[in-house]
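Here's upload-v8.cif, which has mmCIF, C-alpha atoms and all ligand atoms:
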data_start
#
loop_
_atom_site.label_atom_id
_atom_site.label_comp_id
_atom_site.auth_asym_id
_atom_site.auth_seq_id
_atom_site.Cartn_x
_atom_site.Cartn_y
_atom_site.Cartn_z
CA MET S 265 -0.19 -10.04 18.95
CA ILE S 266 1.37 -13.35 17.86
CA GLU S 267 2.90 -12.78 14.47
CA PRO S 268 1.66 -15.02 11.64
CA SER S 269 4.32 -17.05 9.85
CA TYR S 270 3.52 -15.58 6.42
CA LEU S 271 4.60 -12.14 7.68
CA ASP S 272 7.95 -13.54 8.77
CA THR S 273 8.31 -15.15 5.34
CA THR S 274 7.50 -11.86 3.59
CA ARG S 275 9.89 -9.92 5.83
CA SER S 276 12.79 -12.34 5.24
CA ALA S 277 12.13 -12.34 1.50
CA TYR S 278 12.22 -8.51 1.30
CA ASP S 279 15.24 -8.32 3.61
CA ALA S 280 17.09 -10.57 1.16
CA VAL S 281 16.32 -8.46 -1.93
CA ALA S 282 16.07 -4.99 -0.41
CA THR S 283 19.14 -3.50 -2.11
CA LEU S 284 18.18 -4.80 -5.54
CA TYR S 285 14.56 -3.76 -5.03
CA ALA S 286 15.67 -0.22 -4.13
CA GLU S 287 17.78 -0.05 -7.30
CA LEU S 288 14.86 -1.15 -9.46
CA PHE S 289 11.86 0.47 -7.72
CA ARG S 290 12.97 3.33 -5.52
CA ASP S 291 9.71 5.17 -6.19
CA SER S 292 7.22 2.80 -7.76
CA THR S 293 4.65 5.56 -8.32
CA ASP S 294 7.01 7.34 -10.69
CA GLY S 295 6.71 5.05 -13.69
CA HIS S 296 3.30 6.01 -15.06
CA PRO S 297 1.58 9.39 -15.47
CA LEU S 298 -1.70 8.04 -14.07
CA ASP S 299 0.02 6.88 -10.89
CA ARG S 300 1.82 10.18 -10.42
CA ALA S 301 -1.47 12.00 -10.97
CA LEU S 302 -3.31 9.82 -8.46
CA VAL S 303 -0.71 10.34 -5.75
CA THR S 304 -0.76 14.07 -6.43
CA ALA S 305 -4.57 14.10 -6.18
CA PHE S 306 -4.41 12.09 -2.94
CA ALA S 307 -1.96 14.62 -1.50
CA GLU S 308 -4.20 17.51 -2.51
CA LEU S 309 -7.23 15.88 -0.85
CA VAL S 310 -5.28 15.19 2.33
CA ARG S 311 -3.96 18.76 2.47
CA ALA S 312 -7.45 20.16 1.90
CA ALA S 313 -8.93 18.03 4.70
CA ASP S 314 -6.03 19.10 6.96
CA GLY S 315 -6.35 15.93 8.99
CA GLY S 316 -2.77 15.24 10.06
CA PRO S 317 0.21 13.19 8.93
CA VAL S 318 0.23 10.51 6.26
CA ALA S 319 1.61 6.99 6.64
CA ASP S 320 3.11 5.12 3.71
CA LEU S 321 2.42 1.58 4.91
CA GLY S 322 4.68 -1.10 3.47
CA CYS S 323 6.92 1.76 2.32
CA GLY S 324 9.79 -0.40 1.03
CA PRO S 325 12.83 1.78 0.23
CA GLY S 326 10.97 5.01 0.94
CA GLY S 327 10.79 6.73 -2.43
CA VAL S 328 7.00 7.00 -2.32
CA THR S 329 7.17 8.43 1.21
CA ALA S 330 9.61 11.04 -0.12
CA ARG S 331 7.22 11.83 -2.98
CA LEU S 332 4.43 12.42 -0.44
CA ALA S 333 6.70 14.70 1.58
CA GLY S 334 7.61 16.55 -1.61
CA LEU S 335 3.90 17.14 -2.17
CA GLY S 336 3.71 19.05 1.09
CA LEU S 337 2.57 16.26 3.43
CA THR S 338 4.00 15.28 6.77
CA ALA S 339 4.75 11.76 5.64
CA PHE S 340 6.40 8.80 7.33
CA GLY S 341 6.97 5.20 6.31
CA VAL S 342 6.33 1.87 8.01
CA ASP S 343 7.57 -1.49 6.77
CA ALA S 344 7.94 -4.99 8.16
CA SER S 345 11.40 -5.41 6.60
CA PRO S 346 14.29 -3.96 8.66
CA ALA S 347 16.52 -3.93 5.55
CA MET S 348 13.99 -1.80 3.68
CA ILE S 349 13.71 0.58 6.64
CA GLU S 350 17.49 0.90 6.81
CA LEU S 351 17.70 1.75 3.08
CA ALA S 352 14.87 4.27 3.42
CA ARG S 353 16.55 5.98 6.40
CA GLU S 354 19.88 6.13 4.53
CA ALA S 355 18.29 7.68 1.43
CA TYR S 356 15.94 10.09 3.23
CA PRO S 357 17.50 10.93 6.63
CA GLN S 358 15.12 13.88 7.05
CA LEU S 359 12.08 11.54 7.07
CA ARG S 360 10.80 9.11 9.68
CA PHE S 361 10.70 5.38 8.93
CA ASP S 362 9.55 2.77 11.44
CA GLU S 363 9.63 -1.01 11.46
CA GLY S 364 6.11 -2.32 11.94
CA SER S 365 3.27 -4.46 10.67
CA MET S 366 0.07 -3.35 9.01
CA LEU S 367 -1.69 -6.12 10.96
CA ALA S 368 -1.14 -4.24 14.23
CA LEU S 369 0.05 -0.69 13.65
CA ASP S 370 1.80 1.17 16.42
CA ILE S 371 -0.25 4.28 15.62
CA GLU S 372 -2.99 5.83 17.74
CA ASP S 373 -6.64 5.78 16.69
CA ALA S 374 -7.69 8.59 14.30
CA ALA S 375 -4.13 9.98 14.18
CA LEU S 376 -3.68 10.22 10.41
CA GLY S 377 -4.94 12.42 7.61
CA GLY S 378 -3.99 9.80 5.06
CA VAL S 379 -2.82 6.25 4.50
CA LEU S 380 -1.14 5.10 1.34
CA SER S 381 -0.41 1.44 0.75
CA TRP S 382 1.27 0.78 -2.57
CA TYR S 383 1.57 -2.93 -3.41
CA SER S 384 1.95 -3.83 0.25
CA ILE S 385 -1.42 -5.57 0.76
CA ILE S 386 -0.61 -8.07 -2.00
CA HIS S 387 1.39 -10.45 0.22
CA THR S 388 -1.30 -10.90 2.85
CA PRO S 389 -3.43 -14.06 2.57
CA PRO S 390 -6.90 -12.96 1.44
CA GLU S 391 -8.61 -14.19 4.61
CA GLU S 392 -6.37 -11.89 6.69
CA LEU S 393 -7.01 -8.74 4.65
CA PRO S 394 -10.00 -7.57 6.74
CA VAL S 395 -7.61 -7.12 9.70
CA ILE S 396 -5.46 -4.75 7.65
CA PHE S 397 -8.44 -2.75 6.43
CA GLU S 398 -9.69 -2.44 10.02
CA GLU S 399 -6.27 -1.04 10.90
CA PHE S 400 -6.41 1.45 8.00
CA ALA S 401 -9.82 2.63 9.20
CA ARG S 402 -8.76 2.74 12.85
CA VAL S 403 -5.73 4.99 12.32
CA LEU S 404 -7.44 7.39 9.89
CA ALA S 405 -9.00 10.52 11.33
CA PRO S 406 -12.58 11.25 10.25
CA GLY S 407 -12.28 12.75 6.76
CA GLY S 408 -8.91 11.00 6.22
CA HIS S 409 -8.08 9.44 2.86
CA LEU S 410 -6.80 6.01 1.82
CA LEU S 411 -5.02 5.31 -1.48
CA LEU S 412 -4.22 1.74 -2.47
CA GLY S 413 -2.19 0.32 -5.35
CA PHE S 414 -2.23 -3.41 -6.12
CA PHE S 415 -2.17 -5.97 -8.91
CA THR S 416 -5.65 -6.76 -10.11
CA THR S 417 -7.55 -9.37 -12.09
CA ASP S 418 -9.61 -8.77 -15.20
CA GLY S 419 -13.29 -8.09 -14.66
CA ASP S 420 -14.33 -11.62 -15.67
CA SER S 421 -12.37 -13.43 -12.99
CA PRO S 422 -14.66 -15.30 -10.59
CA HIS S 423 -11.99 -15.12 -7.86
CA PRO S 424 -11.59 -12.13 -5.54
CA ALA S 425 -7.92 -13.07 -5.03
CA GLU S 426 -5.61 -15.08 -7.27
CA PRO S 427 -2.15 -16.19 -6.13
CA PHE S 428 0.66 -15.69 -8.62
CA ASP S 429 4.39 -16.34 -8.89
CA HIS S 430 5.62 -13.02 -7.52
CA LYS S 431 9.43 -12.90 -7.69
CA VAL S 432 9.96 -12.04 -4.00
CA SER S 433 7.22 -13.74 -1.99
CA LEU S 434 3.82 -15.35 -2.56
CA ALA S 435 1.39 -12.64 -3.63
CA TYR S 436 -2.18 -12.19 -4.81
CA ARG S 437 -3.91 -10.28 -7.54
CA LEU S 438 -7.06 -8.79 -6.08
CA SER S 439 -10.24 -7.82 -7.86
CA ILE S 440 -11.03 -4.13 -7.49
CA ASP S 441 -14.57 -5.02 -6.39
CA HIS S 442 -13.12 -7.14 -3.60
CA VAL S 443 -10.73 -4.41 -2.42
CA ALA S 444 -13.58 -1.86 -2.51
CA ASP S 445 -15.72 -4.28 -0.51
CA LEU S 446 -12.99 -4.69 2.13
CA ALA S 447 -12.75 -0.91 2.45
CA ARG S 448 -16.54 -0.55 2.71
CA LYS S 449 -16.80 -3.27 5.35
CA ALA S 450 -14.14 -1.43 7.39
CA GLY S 451 -16.35 1.68 7.29
CA LEU S 452 -14.66 3.59 4.48
CA VAL S 453 -16.41 5.21 1.53
CA GLU S 454 -15.15 4.67 -1.99
CA LEU S 455 -14.29 7.88 -3.87
CA ALA S 456 -12.66 6.52 -7.03
CA ARG S 457 -11.20 3.43 -8.63
CA LEU S 458 -8.90 2.88 -11.58
CA ARG S 459 -7.87 -0.17 -13.56
CA ARG S 460 -4.89 0.42 -15.78
CA GLU S 461 -3.38 -1.85 -18.38
CA PRO S 462 0.08 -3.33 -17.82
CA GLY S 463 2.84 -1.02 -19.00
CA GLU S 464 5.95 -2.07 -20.90
CA ASN S 465 7.62 -5.05 -19.17
CA GLU S 466 4.65 -5.45 -16.80
CA ARG S 467 2.60 -8.65 -16.61
CA PHE S 468 -0.61 -7.69 -14.88
CA LEU S 469 -3.41 -5.17 -14.70
CA HIS S 470 -3.06 -2.61 -11.92
CA GLY S 471 -5.83 -1.59 -9.53
CA ARG S 472 -6.10 1.67 -7.62
CA LEU S 473 -8.69 2.55 -5.01
CA LEU S 474 -9.24 5.89 -3.30
CA ALA S 475 -11.48 5.93 -0.23
CA ARG S 476 -12.28 8.19 2.68
CA LYS S 477 -13.28 7.75 6.30
CA PRO S 478 -16.61 9.51 6.86
CA THR S 479 -16.65 12.55 9.09
CA GLU S 480 -19.85 11.35 10.77
CA PRO S 481 -19.80 7.82 12.27
C1 LIG S 501 6.09 -4.89 -3.30
S1 LIG S 501 6.85 -4.09 -1.95
C2 LIG S 501 6.22 -2.42 -2.16
C3 LIG S 501 7.12 -1.40 -1.52
C4 LIG S 501 6.72 0.05 -1.85
N1 LIG S 501 5.40 0.34 -1.30
C5 LIG S 501 6.73 0.28 -3.32
O1 LIG S 501 5.66 0.58 -3.89
O2 LIG S 501 7.79 0.14 -3.93
C6 LIG S 501 5.91 -4.66 -0.56
C7 LIG S 501 6.41 -4.09 0.77
O3 LIG S 501 5.41 -4.30 1.74
C8 LIG S 501 6.02 -4.75 2.94
N2 LIG S 501 4.98 -5.51 3.65
C9 LIG S 501 4.29 -6.60 3.22
N3 LIG S 501 3.40 -6.98 4.14
C10 LIG S 501 3.53 -6.10 5.18
C11 LIG S 501 2.87 -5.97 6.45
N4 LIG S 501 1.91 -6.83 6.84
N5 LIG S 501 3.24 -4.95 7.25
C12 LIG S 501 4.22 -4.09 6.89
N6 LIG S 501 4.87 -4.17 5.70
C13 LIG S 501 4.53 -5.17 4.87
C14 LIG S 501 7.21 -5.58 2.48
O4 LIG S 501 8.19 -5.71 3.48
C15 LIG S 501 7.69 -4.77 1.27
O5 LIG S 501 8.64 -3.80 1.63
#
Since I need it in another form, could you write the structure as structure tokens?
Ligand SMILES: C[S@@+](CC[C@H](N)C(=O)[O-])C[C@H]1O[C@@H](n2cnc3c(N)ncnc32)[C@H](O)[C@@H]1O
Amino acid sequence: MIEPSYLDTTRSAYDAVATLYAELFRDSTDGHPLDRALVTAFAELVRAADGGPVADLGCGPGGVTARLAGLGLTAFGVDASPAMIELAREAYPQLRFDEGSMLALDIEDAALGGVLSWYSIIHTPPEELPVIFEEFARVLAPGGHLLLGFFTTDGDSPHPAEPFDHKVSLAYRLSIDHVADLARKAGLVELARLRREPGENERFLHGRLLARKPTEP
């Protein structure tokens, strides 16, 4: 696959800030009780379905991958940024971290019991997002779960995706309806969604979506 230029831009941007990012956001699911609870619930659902390993896609410095492993999952991380992967491997040598792109995952069809993508879909131009959701659906086993975290818009916004001045690389706030629609079009079934208010020192609303790949096609 020929790599799109925006991915190279995102990769270079995260390579440049990886050390600082890891200092500030080693585990970005740790800051809010609702986020910790959601990841714990995701892990419980994945364990109950017993569908195989879990990929933390766009894993950054690996703290979320380590949280998933701590919750009893066979978890590994994938990220486009070699600097992020290096930091993750240094911090969690017992876990597997691979360089790779969510646009074309080096993972077999139906291999995973779960996919978590925490703020890693936000840098993809909206028109390219269906490719990523097709990849999520492809690598999930029937009955596998998907948990997404992203910046979202308020319910009145007429735009499914709004660019904003993200500090690292161009990014988009995505309406939860739009993200749910992308998941549905890829063949996944929505189980839950959450919109939470910005916390202290946060600018935007946060969206969460939990979905599942049906067991019957
Ligand atoms: C905002 S950071 C989030 C990192 C981590 N998930 C967290 O919650 O702290 C976005 C990460 O997604 C990665 N990323 C963005 N687009 C990607 C893609 N198409 N494939 C793989 N990784 C990607 C970036 O390199 C970066 O490490």
Between S:Asp299, S:Glu308, S:Asp272, S:Glu426, smallest distance to S:Arg459 by only C-alpha atoms belongs to S:Asp299
For ligand LIG 501 (chain S), what centre and edge lengths in Å (one decimal) does the axis-aligned box get once 8 Å is added on each side of all its listed atoms, as JSON?
{"center_x": 5.3, "center_y": -3.2, "center_z": 1.7, "size_x": 22.7, "size_y": 23.6, "size_z": 27.2}
Self-check item: Given 7 Å and all atoms listed in the file, residues near ligand LIG 501 (chain S) as an MDAnalysis selection string
Solution: chainID S and resid 271 274:275 278 289:293 321:325 328 342:345 348 364:367 381:385 387:388
Margin query: If we draw a sphere of 12 Å around (0.6, -7.3, -10.2), which residues have at least one atom in it when counting all atoms listed in the file? Please report them as a ChimeraX atom specification.
Written below: /S:382-387,413-418,425-431,434-439,459-463,465-472
Selected residue of minimal separation from S:Asp370 among S:Lys449, S:His442, S:Arg353, S:Arg402, counting only C-alpha atoms:
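Nearest candidate to S:Asp370 out of S:Lys449, S:His442, S:Arg353, S:Arg402: S:Arg402.
Comparing S:Leu393, S:Ala450, S:Leu411, S:Ala347 by their smallest distance to S:Leu284, the closest is S:Ala347 (using all atoms listed in the file).
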Would you work out the distance separating atom CA of S:Arg311 from atom CA of S:Gly327, expressed in Å to one decimal?
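Taking atom CA of S:Arg311 and atom CA of S:Gly327, their separation equals 19.7 Å.
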Residue with the minimum atom-to-atom distance to S:Ile396, picked from S:Val379, S:Val453, S:Leu288, S:Ile266 with only C-alpha atoms counted, is S:Val379
- prompt: Rounded to one decimal in Å, what is the spacing between atom CA of S:Glu398 and atom CA of S:Gly316?
  reply: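 A separation of 19.0 Å between them.
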For the point (-15.7, 6.2, -5.7) in file coordinates, what residues are within 9 Å, counting only C-alpha atoms? Give the answer as a list in words?
Ala444, Val453, Glu454, Leu455, Ala456, Arg457, Leu473, Leu474 and Ala475 of chain S
Do a neighbour search on S:Ala405 at 6 Å with only C-alpha atoms, toss out local chain neighbours closer than 5 positions, and write the hits as a CSV table (one decimal) with C-alpha atoms, in the coordinates of the input.
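And here's selection.csv as it stands now:
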chain,number,residue,atom,x,y,z
S,374,ALA,CA,-7.7,8.6,14.3
S,375,ALA,CA,-4.1,10.0,14.2
S,376,LEU,CA,-3.7,10.2,10.4
S,377,GLY,CA,-4.9,12.4,7.6
Min atom-atom distance to S:Arg476 from the set S:Pro406, S:Ser421, S:Phe340, S:Pro389, counting all atoms listed in the file, belongs to S:Pro406
Pairwise distance, atom CA of S:Ile440 with atom CA of S:Leu380, equals 16.2 Å
Residue with the minimum atom-to-atom distance to S:Ser276, picked from S:Gly315, S:Pro346, S:Gly334, S:Pro478 with only C-alpha atoms counted, is S:Pro346
